[in-house]
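Enquirer: One structure coming up, written as structure tokens, with questions to follow.
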Amino acid sequence: MDDSQVGELYRLPLSEFTAARDKLAAELASKGQKADAKEVKGLRKPTVAAWAVNRLTHEHPDAMAELLELRERLEEATDAAELRELGARRRALVSRLATMTSDILEREGHASSASTVEKVVRTLQAGESPEERELLRAGRLSRDLSPSGFGDFSFALIDLAQEPSAKDTAPRRKAEELAAAAVQAEREAAELDRAA
């Protein structure tokens with residue numbers, strides 16, 4: 001089976017996934033590739049948030065590679081100043097990627113509700129296992145991911161689902177900063193605990 005054919009399924013509009021998956025499975029079966037056909041037929045349709053992160057990966061692979069690299073560097077860091085600097089960079093990147101994902105959702109006709117955006121943020125914060133990292137890197141998620149430990153601090157204060165008006169830009173920015181500072185403090189505490 002050509003792996004790129006499977007990869008293409010995750011680039012499609014979400015509404016086309018199931019029909020395209022079934023068609024590919026039928027084509028493989030007609031060529032006598034029964035095991036591959038069964039594997040393809042077993043692929044789950046992604047959730048909306050997982051699909052949005054997949055599209056983000058396909059449209060902005062460098063940004064996803066940077067996110068995964070920052071995660072690995074955070075795991076290896078031992079110095080508090082380095083942890084703070086890497087954490088701040090990662091937090092800013094997650095926020096930027098969440099906004100980009102909201103744009104993808106809206107462009108493709110999906111609601112970028114606060115709930116969906118929060119699932120996107122949690123998925124972007126995940127990647128503890130090599131398997132999760134590979135799914136993120138390849139853009140082949142079928143479900144939302146959840147970070148373990150302090151990484152799953154809720155971003156509910158950040159309503160990325162709505163375009164800010166001119167008058168609410170400052171409060172929104174302040175809410176984002178406060179939520180980001182809280183996430184960073186929790187993460188630093190966990191990292192320092194682990195290092196100790």
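Residues in the structure tokens are numbered from 1 in each chain, the chains being A, B, ... in the order shown, and ligands are numbered from 1 in the order shown.
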I want to know what sits within 10 Å of Val120 (chain A), based on only C-alpha atoms, with residues of the same chain fewer than 5 positions away left out; could you give that as a list in words?
Expert: Val48, Ala49, Ala50, Trp51, Ala52, Val53, Val94, Leu97, Ala98, Thr99, Thr101, Ser102, Ser112, Ala114, Ser115, Gln125, Ala126, Asp144, Leu145 and Ser146 of chain A
Enquirer: Output N, CA, C and O atoms of each residue in that selection to a file, as an mmCIF file, in the first residue's frame.
Expert:
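And here's out_9.cif as it stands now:
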```
data_model
loop_
_atom_site.group_PDB
_atom_site.id
_atom_site.type_symbol
_atom_site.label_atom_id
_atom_site.label_comp_id
_atom_site.auth_asym_id
_atom_site.auth_seq_id
_atom_site.Cartn_x
_atom_site.Cartn_y
_atom_site.Cartn_z
ATOM 1 N N VAL A 48 -13.417 16.519 15.196
ATOM 2 C CA VAL A 48 -13.237 17.837 14.577
ATOM 3 C C VAL A 48 -11.903 18.458 15.009
ATOM 4 O O VAL A 48 -11.145 18.976 14.183
ATOM 5 N N ALA A 49 -11.603 18.398 16.312
ATOM 6 C CA ALA A 49 -10.353 18.992 16.797
ATOM 7 C C ALA A 49 -9.133 18.261 16.235
ATOM 8 O O ALA A 49 -8.157 18.901 15.821
ATOM 9 N N ALA A 50 -9.178 16.935 16.200
ATOM 10 C CA ALA A 50 -8.052 16.167 15.651
ATOM 11 C C ALA A 50 -7.871 16.471 14.167
ATOM 12 O O ALA A 50 -6.745 16.661 13.691
ATOM 13 N N TRP A 51 -8.981 16.543 13.439
ATOM 14 C CA TRP A 51 -8.913 16.874 12.012
ATOM 15 C C TRP A 51 -8.285 18.251 11.803
ATOM 16 O O TRP A 51 -7.449 18.439 10.919
ATOM 17 N N ALA A 52 -8.680 19.217 12.650
ATOM 18 C CA ALA A 52 -8.149 20.578 12.520
ATOM 19 C C ALA A 52 -6.639 20.600 12.769
ATOM 20 O O ALA A 52 -5.895 21.287 12.064
ATOM 21 N N VAL A 53 -6.173 19.831 13.754
ATOM 22 C CA VAL A 53 -4.725 19.766 14.025
ATOM 23 C C VAL A 53 -4.014 19.073 12.858
ATOM 24 O O VAL A 53 -2.918 19.483 12.457
ATOM 25 N N VAL A 94 1.978 27.672 20.885
ATOM 26 C CA VAL A 94 0.679 26.988 21.019
ATOM 27 C C VAL A 94 -0.457 27.977 20.800
ATOM 28 O O VAL A 94 -1.428 27.677 20.095
ATOM 29 N N LEU A 97 -0.608 28.739 17.085
ATOM 30 C CA LEU A 97 -1.137 27.594 16.333
ATOM 31 C C LEU A 97 -2.636 27.412 16.580
ATOM 32 O O LEU A 97 -3.378 27.039 15.670
ATOM 33 N N ALA A 98 -3.083 27.668 17.800
ATOM 34 C CA ALA A 98 -4.516 27.555 18.097
ATOM 35 C C ALA A 98 -5.304 28.572 17.282
ATOM 36 O O ALA A 98 -6.384 28.263 16.756
ATOM 37 N N THR A 99 -4.761 29.778 17.149
ATOM 38 C CA THR A 99 -5.430 30.802 16.340
ATOM 39 C C THR A 99 -5.464 30.377 14.875
ATOM 40 O O THR A 99 -6.487 30.524 14.192
ATOM 41 N N THR A 101 -5.449 27.351 13.784
ATOM 42 C CA THR A 101 -6.399 26.244 13.673
ATOM 43 C C THR A 101 -7.829 26.758 13.669
ATOM 44 O O THR A 101 -8.677 26.243 12.937
ATOM 45 N N SER A 102 -8.109 27.796 14.457
ATOM 46 C CA SER A 102 -9.438 28.414 14.433
ATOM 47 C C SER A 102 -9.756 28.936 13.042
ATOM 48 O O SER A 102 -10.878 28.791 12.549
ATOM 49 N N SER A 112 -15.623 27.203 15.316
ATOM 50 C CA SER A 112 -14.432 27.196 16.179
ATOM 51 C C SER A 112 -14.870 27.602 17.576
ATOM 52 O O SER A 112 -14.486 28.637 18.094
ATOM 53 N N ALA A 114 -15.367 27.546 21.695
ATOM 54 C CA ALA A 114 -14.372 27.536 22.768
ATOM 55 C C ALA A 114 -13.997 26.104 23.134
ATOM 56 O O ALA A 114 -12.837 25.802 23.398
ATOM 57 N N SER A 115 -14.982 25.206 23.130
ATOM 58 C CA SER A 115 -14.730 23.803 23.466
ATOM 59 C C SER A 115 -13.790 23.147 22.454
ATOM 60 O O SER A 115 -12.841 22.442 22.823
ATOM 61 N N GLN A 125 -0.607 20.556 23.182
ATOM 62 C CA GLN A 125 0.234 20.445 24.371
ATOM 63 C C GLN A 125 0.643 19.003 24.651
ATOM 64 O O GLN A 125 1.518 18.763 25.471
ATOM 65 N N ALA A 126 0.012 18.050 23.999
ATOM 66 C CA ALA A 126 0.295 16.634 24.251
ATOM 67 C C ALA A 126 1.566 16.214 23.502
ATOM 68 O O ALA A 126 2.320 17.049 23.040
ATOM 69 N N ASP A 144 -8.660 13.461 19.731
ATOM 70 C CA ASP A 144 -7.965 14.516 20.466
ATOM 71 C C ASP A 144 -6.985 13.853 21.431
ATOM 72 O O ASP A 144 -7.225 12.753 21.910
ATOM 73 N N LEU A 145 -5.910 14.562 21.726
ATOM 74 C CA LEU A 145 -4.942 14.085 22.708
ATOM 75 C C LEU A 145 -5.050 14.953 23.951
ATOM 76 O O LEU A 145 -5.507 16.091 23.893
ATOM 77 N N SER A 146 -4.614 14.400 25.070
ATOM 78 C CA SER A 146 -4.589 15.163 26.318
ATOM 79 C C SER A 146 -3.193 15.077 26.908
ATOM 80 O O SER A 146 -2.633 13.981 27.014
#
```
Enquirer: Considering only C-alpha atoms, return as a list in words whatever protein or nucleic-acid residues lie within 10 Å of Glu8 (chain A), sequence-local ones (same chain, fewer than 2 positions apart) excluded.
Expert: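 Counting only C-alpha atoms, the residues come to Asp3, Ser4, Gln5, Val6, Tyr10, Arg11, Leu12, Phe17, Ala20, Arg21, His58, Gly139 and Arg140 of chain A.
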Enquirer: Would you return as number ranges by chain the members of region 114-153 of chain A that DSSP assigns to alpha helix (DSSP H) on this structure's backbone?
Expert: A: 114-125, 130-138
Enquirer: In Å, rounded to a single decimal, give me how far CA of Glu82 (chain A) is from CA of Leu192 (chain A).
Expert: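 That distance, rounded to one decimal, is 11.6 Å.
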Enquirer: Suppose you want the space between CA of Thr57 (chain A) and CA of Leu136 (chain A); what is it in Å?
Expert: 7.2 Å
Enquirer: Can you list, as number ranges by chain, every protein, DNA or RNA residue that comes within 10 Å of Leu68 (chain A) when you count only C-alpha atoms, leaving out same-chain residues fewer than 4 positions away?
Expert: A: 62-64, 72-74, 90, 124-128, 133-134, 136-137
Enquirer: Save the residues we just selected, N, CA, C and O atoms, as a JSON list (two decimals), in the first residue's frame?
Expert:
```
[["chain", "number", "residue", "atom", "x", "y", "z"],
["A", 62, "ASP", "N", 6.34, 23.19, 9.26],
["A", 62, "ASP", "CA", 7.47, 23.75, 9.99],
["A", 62, "ASP", "C", 7.08, 24.18, 11.40],
["A", 62, "ASP", "O", 7.84, 24.01, 12.35],
["A", 63, "ALA", "N", 5.88, 24.74, 11.52],
["A", 63, "ALA", "CA", 5.40, 25.18, 12.84],
["A", 63, "ALA", "C", 5.19, 23.98, 13.75],
["A", 63, "ALA", "O", 5.52, 24.02, 14.94],
["A", 64, "MET", "N", 4.64, 22.89, 13.21],
["A", 64, "MET", "CA", 4.43, 21.69, 14.03],
["A", 64, "MET", "C", 5.78, 21.08, 14.40],
["A", 64, "MET", "O", 5.96, 20.63, 15.54],
["A", 72, "GLU", "N", 10.50, 18.47, 23.15],
["A", 72, "GLU", "CA", 11.63, 17.61, 23.46],
["A", 72, "GLU", "C", 12.71, 18.37, 24.24],
["A", 72, "GLU", "O", 13.30, 17.84, 25.19],
["A", 73, "ARG", "N", 12.94, 19.62, 23.84],
["A", 73, "ARG", "CA", 13.94, 20.42, 24.55],
["A", 73, "ARG", "C", 13.51, 20.71, 25.99],
["A", 73, "ARG", "O", 14.34, 20.74, 26.89],
["A", 74, "LEU", "N", 12.21, 20.92, 26.20],
["A", 74, "LEU", "CA", 11.71, 21.13, 27.55],
["A", 74, "LEU", "C", 11.93, 19.89, 28.42],
["A", 74, "LEU", "O", 12.25, 20.01, 29.61],
["A", 90, "ARG", "N", 7.20, 28.01, 23.83],
["A", 90, "ARG", "CA", 6.21, 26.98, 23.51],
["A", 90, "ARG", "C", 4.80, 27.51, 23.72],
["A", 90, "ARG", "O", 3.90, 27.28, 22.90],
["A", 124, "LEU", "N", -2.34, 20.07, 21.10],
["A", 124, "LEU", "CA", -1.04, 20.67, 20.79],
["A", 124, "LEU", "C", -0.08, 20.58, 21.97],
["A", 124, "LEU", "O", 1.13, 20.53, 21.78],
["A", 125, "GLN", "N", -0.61, 20.56, 23.18],
["A", 125, "GLN", "CA", 0.23, 20.45, 24.37],
["A", 125, "GLN", "C", 0.64, 19.00, 24.65],
["A", 125, "GLN", "O", 1.52, 18.76, 25.47],
["A", 126, "ALA", "N", 0.01, 18.05, 24.00],
["A", 126, "ALA", "CA", 0.29, 16.63, 24.25],
["A", 126, "ALA", "C", 1.57, 16.21, 23.50],
["A", 126, "ALA", "O", 2.32, 17.05, 23.04],
["A", 127, "GLY", "N", 1.76, 14.93, 23.37],
["A", 127, "GLY", "CA", 2.92, 14.42, 22.66],
["A", 127, "GLY", "C", 3.94, 13.80, 23.58],
["A", 127, "GLY", "O", 5.14, 13.82, 23.29],
["A", 128, "GLU", "N", 3.47, 13.24, 24.70],
["A", 128, "GLU", "CA", 4.41, 12.62, 25.64],
["A", 128, "GLU", "C", 5.07, 11.38, 25.05],
["A", 128, "GLU", "O", 6.26, 11.16, 25.22],
["A", 133, "ARG", "N", 3.75, 11.74, 19.20],
["A", 133, "ARG", "CA", 4.57, 12.70, 18.45],
["A", 133, "ARG", "C", 4.56, 12.38, 16.96],
["A", 133, "ARG", "O", 4.49, 13.28, 16.12],
["A", 134, "GLU", "N", 4.61, 11.10, 16.64],
["A", 134, "GLU", "CA", 4.60, 10.72, 15.22],
["A", 134, "GLU", "C", 3.26, 11.05, 14.58],
["A", 134, "GLU", "O", 3.20, 11.50, 13.44],
["A", 136, "LEU", "N", 1.23, 13.46, 15.50],
["A", 136, "LEU", "CA", 1.21, 14.91, 15.34],
["A", 136, "LEU", "C", 2.07, 15.34, 14.16],
["A", 136, "LEU", "O", 1.68, 16.17, 13.35],
["A", 137, "ARG", "N", 3.27, 14.76, 14.07],
["A", 137, "ARG", "CA", 4.21, 15.11, 13.00],
["A", 137, "ARG", "C", 3.65, 14.76, 11.62],
["A", 137, "ARG", "O", 3.82, 15.50, 10.65]]
```
Enquirer: Between A:Ala19, A:Leu9, A:Leu43, A:Leu67, which is the closest to Arg143 (chain A) once you count only C-alpha atoms?
Expert: A:Leu43
Enquirer: How far is it from CA of Thr78 (chain A) to CA of Leu135 (chain A), in Å with one decimal?
Expert: 27.1 Å
Enquirer: Measuring atom to atom with only C-alpha atoms, identify which of A:His60, A:Pro13, A:Ser113, A:Ala77 is nearest to Arg96 (chain A).
Expert: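 Looking only at the distances to Arg96 (chain A), the closest residue turns out to be A:His60.
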